[in-house]
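Colleague: Handing you this structure, nothing more for now.
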Amino acid sequence: STRVVPEYTDDYKEGLVISTEPAQGTKADTSTMIIINVAAPAKDNPDLKEVPSVVGLNYNKDKADIEEYFSSVNLKLGTVKEEDSKEPAGTVIQQSIDAKEKVPAGTKVDIIISSGKAPSSTGTISFTLPVSPDDLELKIYVGNELYDTKTLNCNGSKFSYKLTGSGETKNVVCKLDGQNIYTCTIDFSTDPATITNAKETPIKVRVAVPNVVGK
């Protein structure tokens, strides 16, 4: 008599006979049970465990629940690493094995949790300076807060400046001699930061009135 036994593997085409017991060529009694090992998809192995999804849960608050989710299907929580993210601190933002994948019992699943700090990135703004006989003061505002102040030699050249920050879209306003010369929005959640809605506005160059009194 014979008995077909599935061998769960992806190394062979489904349905292919991998081996027999006793092996081919072996002499056996007519009463001997012949075991035929046939390839079956690894994902169909009933001994494999389906990985639960823990992305979005908060490790700081739900640690016991997360560990229980894994242990309840005979899996284990592996290493826990922290990365900068705009998500609240402790939020699971990634797991090493995707949810619903099937793995052997006892497999460790690593997770990455958010530090609660948005990652920083840098973007470059640029605009054309006017021609002025005097040096002019430039003030750069990001998100309505003063970011930097510089004194510029205005000779009609192109001015470039790197802005570094974190978070999502913020308004940028550059004032030269108290007048808006450049505005844009900057999104620090991408790397490099994404600059949109850039607009240059010519300013009126103001010069000091000469003293001609008594001349």
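Here's how to read the names in the structure tokens: chain A, B, ... by the order shown, residue numbers from 1 in each chain, ligand numbers from 1 in the order shown.
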Could you tell me, as a ChimeraX atom specification, which residues of range 78-174 of chain A DSSP assigns to strand (DSSP E) when given the backbone?
Modeller: /A:78-83,92-95,102-104,108-114,120-128,136-142,145-152,158-166,169-174
Colleague: Excluding Ser126 in chain A and any residue of its chain fewer than 5 positions from it, enumerate the residues within 9 Å of it, using only C-alpha atoms, and give them as an MDAnalysis selection string.
Modeller: chainID A and resid 158:162 182
Colleague: When you count only C-alpha atoms, which of these residues is closest to Lys81 in chain A: A:Ile111, A:Leu16, A:Leu136, A:Val54?
Modeller: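 Of all the options, A:Ile111 lies closest to Lys81 in chain A.
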Colleague: From a backbone DSSP assignment, name each residue in chain A labelled alpha helix (DSSP H), as a ChimeraX atom specification.
Modeller: /A:59-71
Colleague: Which residue, A:Ser115, A:Asn74, A:Thr26, A:Gln95, has the smallest gap to Gly56 in chain A when you use only C-alpha atoms?
Modeller: A:Gln95
Colleague: Please provide as a PyMOL selection string all residues within 6 Å of range 171-176 of chain A, with the sequence filter that same-chain residues fewer than 5 positions apart are discarded (counting only C-alpha atoms).
Modeller: chain A and resi 137-143+181-185
Colleague: Leaving out Ser189 in chain A and any residue of its chain fewer than 2 positions from it, which residues lie within 12 Å of it when counting only C-alpha atoms, given as a PyMOL selection string?
Modeller: chain A and resi 84-87+117-123+164-170+186-187+191-195
Colleague: Considering only C-alpha atoms, can you say which of A:Ala42, A:Val51, A:Val131, A:Ile93 comes closest to Lys108 in chain A?
Modeller: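 Looking at the shortest contact to Lys108 in chain A, the residue is A:Val51.
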Colleague: Please compute the CA of Thr2 in chain A-CA of Pro22 in chain A distance, one decimal, in Å.
Modeller: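 Going from CA of Thr2 in chain A over to CA of Pro22 in chain A covers 10.9 Å.
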Colleague: Please provide the set of residues having any atom within 7 Å of Glu14 in chain A, restricted to only C-alpha atoms, with same-chain residues fewer than 2 positions apart removed, written as a VMD selection string.
Modeller: chain A and resid 12 16 39 to 41
Colleague: Since we have the selection now, will you write its residues out, keeping N, CA and C atoms, as a tab-separated table (two decimals), in the first residue's frame?
Modeller:
chain	number	residue	atom	x	y	z
A	12	TYR	N	10.47	22.95	-4.90
A	12	TYR	CA	10.03	22.06	-5.97
A	12	TYR	C	8.65	22.48	-6.47
A	16	LEU	N	5.11	17.58	-7.42
A	16	LEU	CA	6.25	16.76	-7.83
A	16	LEU	C	6.63	15.80	-6.71
A	39	ALA	N	5.71	17.43	-3.17
A	39	ALA	CA	5.90	18.86	-2.89
A	39	ALA	C	4.55	19.59	-2.78
A	40	ALA	N	4.45	20.42	-1.75
A	40	ALA	CA	3.27	21.26	-1.55
A	40	ALA	C	3.74	22.66	-1.18
A	41	PRO	N	2.98	23.70	-1.50
A	41	PRO	CA	3.41	25.07	-1.22
A	41	PRO	C	3.72	25.28	0.26
Colleague: Write out as a list in words each polymer residue whose atoms come within 7 Å of Leu77 in chain A, counting only C-alpha atoms; drop sequence neighbours fewer than 6 positions from it.
Modeller: Glu67, Phe70, Lys108, Val109 and Asp110 of chain A
Colleague: Please identify all polymer residues within 6 Å of Leu75 in chain A, counting only C-alpha atoms, omitting same-chain residues fewer than 5 positions from it, and present them as a ChimeraX atom specification.
Modeller: /A:70,105-107
